[in-house]
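Shown next: structure11.cif, given as mmCIF, C-alpha atoms.
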data_model
loop_
_atom_site.label_atom_id
_atom_site.label_comp_id
_atom_site.auth_asym_id
_atom_site.auth_seq_id
_atom_site.Cartn_x
_atom_site.Cartn_y
_atom_site.Cartn_z
CA MET A 5 33.79 -23.21 9.93
CA PRO A 6 31.55 -24.30 6.98
CA PRO A 7 31.00 -21.73 4.20
CA VAL A 8 27.80 -19.61 4.22
CA PRO A 9 25.30 -21.25 1.80
CA ASN A 10 24.29 -19.23 -1.26
CA THR A 11 20.52 -18.72 -0.84
CA ASP A 12 20.37 -15.30 -2.55
CA ALA A 13 17.87 -16.46 -5.19
CA TYR A 14 15.35 -17.44 -2.48
CA MET A 15 15.83 -14.09 -0.74
CA VAL A 16 15.12 -12.24 -4.02
CA LEU A 17 12.11 -14.49 -4.68
CA GLY A 18 10.78 -13.76 -1.18
CA TYR A 19 11.00 -9.98 -1.57
CA VAL A 20 9.57 -10.08 -5.10
CA ALA A 21 6.59 -12.03 -3.68
CA ILE A 22 6.05 -9.49 -0.88
CA ILE A 23 6.18 -6.49 -3.24
CA THR A 24 4.00 -8.22 -5.88
CA ILE A 25 1.23 -9.30 -3.46
CA THR A 26 1.15 -5.88 -1.75
CA SER A 27 1.11 -4.03 -5.10
CA LEU A 28 -1.66 -6.27 -6.47
CA TYR A 29 -3.83 -5.56 -3.43
CA ILE A 30 -3.26 -1.80 -3.68
CA LEU A 31 -4.07 -1.97 -7.41
CA SER A 32 -7.26 -3.93 -6.66
CA LEU A 33 -8.31 -1.25 -4.13
CA ALA A 34 -7.62 1.52 -6.68
CA LEU A 35 -9.56 -0.22 -9.46
CA ARG A 36 -12.55 -0.96 -7.24
CA TYR A 37 -12.50 2.65 -6.00
CA ARG A 38 -12.49 3.95 -9.59
CA ASN A 39 -15.36 1.64 -10.65
CA VAL A 40 -17.56 2.67 -7.71
CA HIS A 41 -16.83 6.33 -8.47
CA LYS A 42 -17.92 5.78 -12.08
CA ASP A 43 -21.15 4.11 -10.88
CA ILE A 44 -21.96 7.05 -8.63
CA GLU A 45 -21.26 9.54 -11.42
CA ALA A 46 -23.50 7.60 -13.81
CA LEU A 47 -26.33 7.44 -11.25
CA SER A 48 -26.04 11.16 -10.57
CA GLU A 49 -26.46 12.15 -14.24
CA MET B 23 -19.78 11.87 2.77
CA SER B 24 -19.40 14.34 -0.10
CA VAL B 25 -18.65 12.21 -3.10
CA ILE B 26 -19.02 14.31 -6.22
CA GLY B 27 -20.87 17.39 -5.12
CA VAL B 28 -24.41 16.08 -5.49
CA SER B 29 -26.96 17.13 -2.87
CA LYS B 30 -27.52 14.48 -0.23
CA SER B 31 -30.87 12.82 0.28
CA GLN B 32 -32.22 12.13 3.76
CA SER B 33 -31.28 8.44 3.56
CA GLU B 34 -27.78 9.40 2.46
CA GLN B 35 -27.44 11.71 5.43
CA GLU B 36 -28.45 8.79 7.64
CA LEU B 37 -25.76 6.69 5.96
CA VAL B 38 -23.16 9.37 6.72
CA HIS B 39 -24.27 9.16 10.35
CA GLN B 40 -23.56 5.39 10.24
CA THR B 41 -20.21 5.76 8.47
CA LEU B 42 -16.76 5.29 9.97
CA PHE B 43 -14.03 7.80 9.07
CA THR B 44 -16.14 10.07 6.87
CA ASN B 45 -14.10 12.14 4.42
CA THR B 46 -13.46 15.35 6.33
CA HIS B 47 -10.55 17.58 5.30
CA TYR B 48 -8.78 16.83 8.59
CA ARG B 49 -9.08 13.05 8.09
CA ASN B 50 -7.99 13.31 4.45
CA VAL B 51 -4.78 15.04 5.55
CA ILE B 52 -4.12 12.40 8.25
CA LEU B 53 -4.73 9.55 5.81
CA ARG B 54 -2.42 11.08 3.17
CA PHE B 55 0.37 11.59 5.72
CA TRP B 56 -0.14 8.12 7.15
CA SER B 57 -0.05 6.62 3.65
CA LEU B 58 3.20 8.46 2.90
CA ALA B 59 4.58 7.27 6.24
CA ALA B 60 3.61 3.69 5.31
CA VAL B 61 5.50 3.89 1.99
CA PHE B 62 8.49 5.47 3.73
CA SER B 63 8.46 2.90 6.56
CA PHE B 64 8.31 0.07 4.00
CA ALA B 65 11.42 1.48 2.27
CA ILE B 66 13.21 1.86 5.63
CA SER B 67 12.26 -1.68 6.71
CA LEU B 68 13.58 -3.01 3.37
CA TYR B 69 16.88 -1.23 3.98
CA PHE B 70 17.18 -2.64 7.50
CA ALA B 71 16.31 -6.18 6.40
CA LEU B 72 18.51 -6.25 3.31
CA PHE B 73 21.53 -4.15 4.32
CA TYR B 74 21.61 -3.36 8.02
CA ALA B 75 21.05 -6.86 9.48
CA GLY B 76 24.00 -9.20 9.15
CA THR B 77 24.00 -12.39 7.07
CA ASP B 78 23.09 -15.56 8.97
CA ALA B 79 26.02 -18.00 8.89
CA THR B 80 23.96 -21.20 8.54
CA MET B 81 21.04 -20.11 6.29
CA GLY B 82 22.66 -17.37 4.20
CA ASN B 83 20.68 -14.44 2.79
CA VAL B 84 17.31 -16.25 2.71
CA GLN B 85 17.14 -15.60 6.46
CA ARG B 86 16.46 -11.92 5.59
CA VAL B 87 12.96 -12.96 4.45
CA PHE B 88 12.20 -13.71 8.10
CA TYR B 89 11.95 -9.99 9.02
CA MET B 90 8.98 -9.39 6.75
CA HIS B 91 7.54 -12.91 7.11
CA VAL B 92 7.02 -12.48 10.86
CA SER B 93 6.04 -8.80 10.56
CA ALA B 94 3.38 -9.58 7.94
CA PHE B 95 1.93 -12.19 10.32
CA ALA B 96 1.93 -9.59 13.10
CA GLY B 97 0.19 -7.10 10.76
CA ALA B 98 -2.40 -9.75 9.87
CA SER B 99 -2.96 -10.46 13.58
CA VAL B 100 -3.51 -6.73 14.23
CA SER B 101 -6.05 -6.59 11.37
CA PHE B 102 -7.89 -9.69 12.62
CA PHE B 103 -7.88 -8.24 16.14
CA VAL B 104 -9.56 -5.11 14.73
CA THR B 105 -12.24 -7.42 13.27
CA LEU B 106 -12.67 -9.08 16.68
CA ILE B 107 -13.24 -5.71 18.37
CA ALA B 108 -15.47 -4.49 15.51
CA GLY B 109 -17.57 -7.67 15.78
CA GLY B 110 -18.15 -7.10 19.49
CA MET B 111 -18.98 -3.43 18.91
CA TYR B 112 -21.45 -4.29 16.15
CA LEU B 113 -23.29 -6.80 18.31
CA TRP B 114 -23.46 -4.20 21.06
CA LYS B 115 -24.28 -1.02 19.11
CA ARG B 116 -25.77 -2.43 15.86
CA LYS B 117 -24.12 0.35 13.80
CA GLN B 118 -23.09 -0.33 10.22
CA LYS B 119 -19.70 1.35 10.70
CA TRP B 120 -18.51 -1.52 12.93
CA ASP B 121 -19.41 -4.02 10.23
CA THR B 122 -17.40 -1.97 7.70
CA LEU B 123 -14.40 -1.97 10.05
CA GLY B 124 -14.69 -5.74 10.55
CA LEU B 125 -14.79 -6.39 6.82
CA ALA B 126 -11.77 -4.14 6.20
CA GLY B 127 -9.80 -5.94 8.92
CA VAL B 128 -10.53 -9.36 7.42
CA GLU B 129 -9.60 -8.39 3.86
CA VAL B 130 -6.29 -6.75 4.82
CA GLY B 131 -5.48 -9.51 7.31
CA PHE B 132 -6.12 -12.13 4.65
CA VAL B 133 -3.72 -10.45 2.18
CA LEU B 134 -1.02 -10.24 4.87
CA SER B 135 -1.64 -13.92 5.76
CA ILE B 136 -0.99 -14.84 2.13
CA ILE B 137 2.31 -12.91 2.29
CA THR B 138 3.19 -14.85 5.47
CA LEU B 139 2.42 -18.23 3.87
CA VAL B 140 4.23 -17.50 0.59
CA THR B 141 7.37 -16.07 2.20
CA GLY B 142 7.41 -18.92 4.73
CA SER B 143 7.28 -21.42 1.91
CA ILE B 144 10.16 -19.68 0.09
CA TRP B 145 12.24 -19.62 3.29
CA ALA B 146 11.45 -23.30 3.96
CA ARG B 147 12.74 -24.55 0.58
CA PRO B 148 16.49 -24.08 1.28
CA THR B 149 16.12 -24.42 5.07
CA TRP B 150 13.89 -27.54 5.35
CA ASN B 151 14.46 -28.78 1.81
CA ALA B 152 10.69 -28.58 1.11
CA TRP B 153 8.29 -25.87 -0.12
CA TRP B 154 5.57 -27.15 2.22
CA THR B 155 5.15 -29.68 4.99
CA TRP B 156 2.11 -30.48 7.14
CA ASP B 157 3.84 -29.21 10.25
CA PRO B 158 1.44 -28.10 13.06
CA ARG B 159 2.41 -24.40 12.66
CA LEU B 160 2.10 -24.39 8.87
CA THR B 161 -1.19 -26.27 9.00
CA SER B 162 -2.66 -23.91 11.61
CA ALA B 163 -1.52 -20.85 9.60
CA ALA B 164 -3.16 -22.28 6.46
CA ILE B 165 -6.38 -23.00 8.42
CA MET B 166 -6.32 -19.40 9.71
CA ALA B 167 -6.04 -17.96 6.19
CA LEU B 168 -8.77 -20.28 4.86
CA THR B 169 -11.08 -19.43 7.78
CA TYR B 170 -10.89 -15.73 6.87
CA ALA B 171 -11.22 -16.49 3.15
CA ALA B 172 -14.45 -18.30 4.04
CA TYR B 173 -15.62 -15.16 5.91
CA LEU B 174 -15.34 -13.15 2.69
CA MET B 175 -17.13 -15.79 0.60
CA LEU B 176 -19.91 -16.65 3.07
CA ARG B 177 -20.62 -12.96 3.81
CA ASN B 178 -21.40 -12.32 0.16
CA GLY B 179 -23.80 -15.27 0.12
CA ILE B 180 -26.22 -13.68 2.62
CA GLU B 181 -28.79 -11.36 1.05
CA SER B 182 -30.37 -9.71 4.10
CA PRO B 183 -28.01 -6.84 5.18
CA GLU B 184 -28.93 -7.21 8.86
CA ARG B 185 -28.27 -10.98 8.86
CA GLN B 186 -25.09 -10.46 6.86
CA ARG B 187 -23.72 -8.03 9.45
CA THR B 188 -24.71 -10.18 12.43
CA PHE B 189 -23.21 -13.29 10.82
CA SER B 190 -19.98 -11.40 10.00
CA ALA B 191 -19.66 -10.06 13.54
CA VAL B 192 -20.11 -13.49 15.16
CA TYR B 193 -17.85 -15.18 12.59
CA GLY B 194 -15.15 -12.49 13.00
CA ILE B 195 -15.13 -13.04 16.78
CA LEU B 196 -14.98 -16.84 16.55
CA ALA B 197 -12.39 -16.82 13.74
CA PHE B 198 -9.89 -15.03 15.97
CA SER B 199 -9.41 -18.32 17.82
CA THR B 200 -7.42 -19.51 14.75
CA VAL B 201 -4.98 -16.57 15.21
CA ILE B 202 -4.43 -17.47 18.88
CA PHE B 203 -4.10 -21.15 17.94
CA THR B 204 -1.51 -20.36 15.23
CA PHE B 205 0.50 -18.26 17.69
CA MET B 206 0.33 -20.85 20.48
CA ILE B 207 0.82 -24.08 18.51
CA THR B 208 4.63 -24.00 18.52
CA ARG B 209 4.50 -23.51 22.30
CA MET B 210 2.10 -26.43 22.81
CA ARG B 211 3.42 -29.05 20.36
CA GLY B 212 6.94 -30.38 20.74
CA ASP B 213 6.94 -32.08 17.31
CA THR B 214 6.83 -28.88 15.25
CA ILE B 215 9.94 -27.93 13.27
CA HIS B 216 8.95 -24.25 13.03
CA PRO B 217 11.22 -21.99 15.12
CA ASN B 218 9.90 -19.32 17.54
CA VAL B 219 10.93 -15.69 17.46
CA ILE B 220 9.52 -14.82 20.89
CA GLY B 221 10.61 -17.30 23.54
CA SER B 222 12.57 -20.51 23.13
CA SER B 223 12.09 -22.68 20.02
CA PRO B 224 10.77 -26.27 20.15
CA VAL B 225 13.47 -28.97 20.48
CA ASN B 226 12.92 -30.24 16.91
CA ALA B 227 12.94 -26.76 15.33
CA LYS B 228 15.02 -26.39 12.15
CA GLY B 229 16.20 -22.97 10.99
CA THR B 230 16.68 -21.39 14.40
CA PHE B 231 19.20 -18.61 14.78
CA GLU B 232 20.44 -16.36 17.53
CA MET B 233 19.33 -12.75 17.05
CA VAL B 234 22.28 -10.43 17.47
CA ASP B 235 21.78 -6.69 18.11
CA ASN B 236 21.55 -5.47 14.50
CA MET B 237 19.10 -8.29 13.67
CA ARG B 238 16.96 -7.25 16.63
CA VAL B 239 16.90 -3.64 15.38
CA ALA B 240 15.96 -4.75 11.84
CA PHE B 241 13.21 -6.96 13.26
CA SER B 242 11.81 -4.13 15.43
CA VAL B 243 11.78 -1.69 12.48
CA ASN B 244 9.89 -4.21 10.34
CA MET B 245 7.37 -5.00 13.09
CA TRP B 246 6.78 -1.27 13.58
CA ALA B 247 6.32 -0.65 9.83
CA TRP B 248 3.80 -3.47 9.27
CA CYS B 249 1.79 -3.15 12.51
CA VAL B 250 1.66 0.65 12.90
CA PHE B 251 1.72 1.94 9.31
CA ILE B 252 1.09 -0.58 6.52
CA ALA B 253 -1.76 -2.69 7.98
CA PRO B 254 -3.73 0.24 9.51
CA VAL B 255 -3.38 2.38 6.36
CA LEU B 256 -4.65 -0.46 4.17
CA VAL B 257 -7.58 -0.99 6.57
CA TRP B 258 -8.44 2.71 6.38
CA TRP B 259 -8.37 2.76 2.56
CA ARG B 260 -10.57 -0.37 2.54
CA ILE B 261 -13.04 1.39 4.86
CA ARG B 262 -13.16 4.31 2.40
CA LEU B 263 -13.91 1.93 -0.47
CA GLU B 264 -16.74 0.29 1.52
CA ASN B 265 -18.20 3.69 2.45
CA LEU B 266 -18.20 4.67 -1.22
CA SER B 267 -19.78 1.31 -2.20
CA ASN B 268 -22.55 1.87 0.36
CA THR B 269 -23.23 5.32 -1.13
CA ALA B 270 -23.42 3.78 -4.61
CA LYS B 271 -25.87 1.10 -3.38
CA LEU B 272 -28.06 3.74 -1.78
CA ARG B 273 -28.13 5.90 -4.91
CA ARG B 274 -28.92 2.86 -7.04
CA ALA B 275 -31.86 2.01 -4.75
CA GLU B 276 -33.10 5.61 -4.90
CA PHE B 277 -32.75 5.65 -8.67
CA LEU B 278 -34.76 2.42 -9.00
CA SER B 279 -37.48 3.67 -6.64
CA GLN B 280 -37.80 6.86 -8.75
CA GLU B 281 -38.04 4.74 -11.91
CA ASN B 282 -40.90 2.75 -10.38
#

Turn the structure described in the file into structure tokens.
Amino acid sequence: MPPVPNTDAYMVLGYVAIITITSLYILSLALRYRNVHKDIEALSE
Amino acid sequence: MSVIGVSKSQSEQELVHQTLFTNTHYRNVILRFWSLAAVFSFAISLYFALFYAGTDATMGNVQRVFYMHVSAFAGASVSFFVTLIAGGMYLWKRKQKWDTLGLAGVEVGFVLSIITLVTGSIWARPTWNAWWTWDPRLTSAAIMALTYAAYLMLRNGIESPERQRTFSAVYGILAFSTVIFTFMITRMRGDTIHPNVIGSSPVNAKGTFEMVDNMRVAFSVNMWAWCVFIAPVLVWWRIRLENLSNTAKLRRAEFLSQEN
């Protein structure tokens, strides 16, 4: 039986990509939320 | 929608009437619990993919990317399906809330499509010896992502709110054909090298594997996490952001009318 190929680096890269893309989207939502909140506060003053 | 304790004008009260998932205490609690459940389910799905499922003998550990690659595509499909339904509801009822739901579905679905494409490319490098190939499945998945990217760009180019919403609804309905096409292409074309998870793979498929019991469990946990928790929670938070943006637009318009 042939040995199992070592593809660990690609697995790590894959999971880093998943976590990075998801985190960036959540961060973008949080930043946009904060900016809109600031706008509303400024318009209310 | 109580934003920061300022009294609501009549037009703002009308906006609340048109708003999906207004911020009631009950809904806030559900959203917080659902968000926590999404984080928890992501951690659980990571554990199942990385430790519970066995190592594939022919591909090695890169095969573990498959669990989230397929689940992210399923989550994207759920989000785009939400846009399809929201588009139909908007054309029927003409309520702004359905347009908000459609937009949220497209944005979240697009992000999950990018995850699908990137992880697929990473998996393909050691398996197919290429980061990208113009295989029918890969091409259709790229067209799907670009179609929804165009939705976001074209929507912002229309000034009239009514036309913008009608265009988005029709586009969101038609764009779903790319999701169906992406799902079906490996079942219609024999020359694709992309394997199938559901049903038998095409004869030329490279990177197929037989799912044993623990792999099937890991796959189910990941599908559950992305389709039931992660994608819907992101859609809900995006709806909240859009509701808040609409309030800001309304207040800005009121402020400008007072100035004049």

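Near chain A, within 7 Å and counting only C-alpha atoms, the residues of chain B are Ala79, Thr80, Met81, Gly82, Asn83, Val84, Arg86, Val87, Ile137, Thr141, Ile144, Trp145, Leu263, Leu266, Ser267, Ala270, Arg273 and Arg274 of chain B.
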
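Shortest atom-to-atom contact with Leu31 of chain A among B:Met166, B:Leu272, B:Leu256, B:Ile195: B:Leu256, counting all atoms listed in the file.
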
Which one is closest to Val100 of chain B: B:Phe55, B:Val250, B:Ser143, B:Trp114? Count only C-alpha atoms.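 Looking at the shortest contact to Val100 of chain B, the residue is B:Val250.
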
Calculate how many Å separate atom CA of Phe198 of chain B from atom CA of Phe103 of chain B, rounding to one decimal. 7.1 Å

Could you state the separation of atom CA of Thr200 of chain B and atom CA of Asn268 of chain B in Å, given to one decimal place?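 Atom-to-atom, atom CA of Thr200 of chain B and atom CA of Asn268 of chain B are spaced 29.9 Å apart.
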
Please return, as a list in words, all polymer residues that have at least one atom within 8 Å of the point (16.5, -20.9, 15.3); use all atoms listed in the file and the file's own coordinate frame.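 Collected hits near the coordinates: Pro217, Asn218, Val219, Ser223, Ala227, Lys228, Gly229, Thr230, Phe231 and Glu232 of chain B.
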
How far is it from atom CA of Val61 of chain B to atom CA of Val255 of chain B, in Å with one decimal? 10.0 Å

Please list as a list in words every residue within 8 Å of Ala253 of chain B, counting all atoms listed in the file and excluding residues in the same chain fewer than 5 positions away.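 Once the nearby chain positions are removed, what remains is Gly97, Ala98, Val100, Ser101, Val130, Gly131 and Trp248 of chain B.
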
Could you dump the residues just selected with C-alpha atoms as a short mmCIF file (atom, residue, chain, number, x, y, z; two decimals), in the frame of the given file?
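Result went into out.cif, see below:
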data_model
loop_
_atom_site.label_atom_id
_atom_site.label_comp_id
_atom_site.auth_asym_id
_atom_site.auth_seq_id
_atom_site.Cartn_x
_atom_site.Cartn_y
_atom_site.Cartn_z
CA GLY B 97 0.19 -7.10 10.76
CA ALA B 98 -2.40 -9.75 9.87
CA VAL B 100 -3.51 -6.73 14.23
CA SER B 101 -6.05 -6.59 11.37
CA VAL B 130 -6.29 -6.75 4.82
CA GLY B 131 -5.48 -9.51 7.31
CA TRP B 248 3.80 -3.47 9.27
#

Taking the file above as input, evaluate the PyMOL selection byres ((chain B and resi 260) around 9) and report the hits as a PyMOL selection string. (chain A and resi 33) or (chain B and resi 122-123+125-127+129-130+255-259+261-265)

Please expand the PyMOL selection byres ((chain B and resi 251) around 8) into the concrete residues it hits in this file, giving the result as a list in words. Trp56, Ser57, Ala59, Ala60, Ser63, Trp246, Ala247, Trp248, Cys249, Val250, Ile252, Ala253, Pro254 and Val255 of chain B

Given the PyMOL selection byres ((chain B and resi 171) around 12), the residues it picks as a list in words: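 The output of the PyMOL selection byres ((chain B and resi 171) around 12) on this file is Leu125, Val128, Glu129, Val130, Gly131, Phe132, Val133, Ser135, Ile136, Ala164, Ile165, Met166, Ala167, Leu168, Thr169, Tyr170, Ala172, Tyr173, Leu174, Met175, Leu176, Arg177, Asn178, Tyr193, Gly194 and Ala197 of chain B.
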
So for segment 19-27 of chain A, what box centre and size do we get, axis-aligned, 4 Å extra on each of the six sides, every listed atom, Å to one decimal, as AutoDock Vina command-line options?
--center_x 6.1 --center_y -8.0 --center_z -3.4 --size_x 17.9 --size_y 16.0 --size_z 13.0

Would you please work out which residue, of B:Val140, B:Ala275, B:Met206, B:Ala152, is nearest to Met90 of chain B when using all atoms listed in the file? B:Val140

What's around segment 210-214 of chain B at 12 Å? Count only C-alpha atoms, leave out sequence neighbours fewer than 3 positions away in its own chain, and write the answer as an MDAnalysis selection string. chainID B and resid 155:162 202:207 217:218 222:229

Any idea what's packed within 12 Å of Val243 of chain B, counting all atoms listed in the file, ignoring anything in its chain fewer than 5 positions away? Could you give it as a list in words?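 Once the nearby chain positions are removed, what remains is Phe62, Ser63, Phe64, Ala65, Ile66, Ser67, Leu68, Tyr69, Phe70, Ala71, Tyr74, Ala75, Tyr89, Met90, Val92, Ser93, Asn236, Met237, Arg238, Trp248, Cys249, Val250 and Phe251 of chain B.
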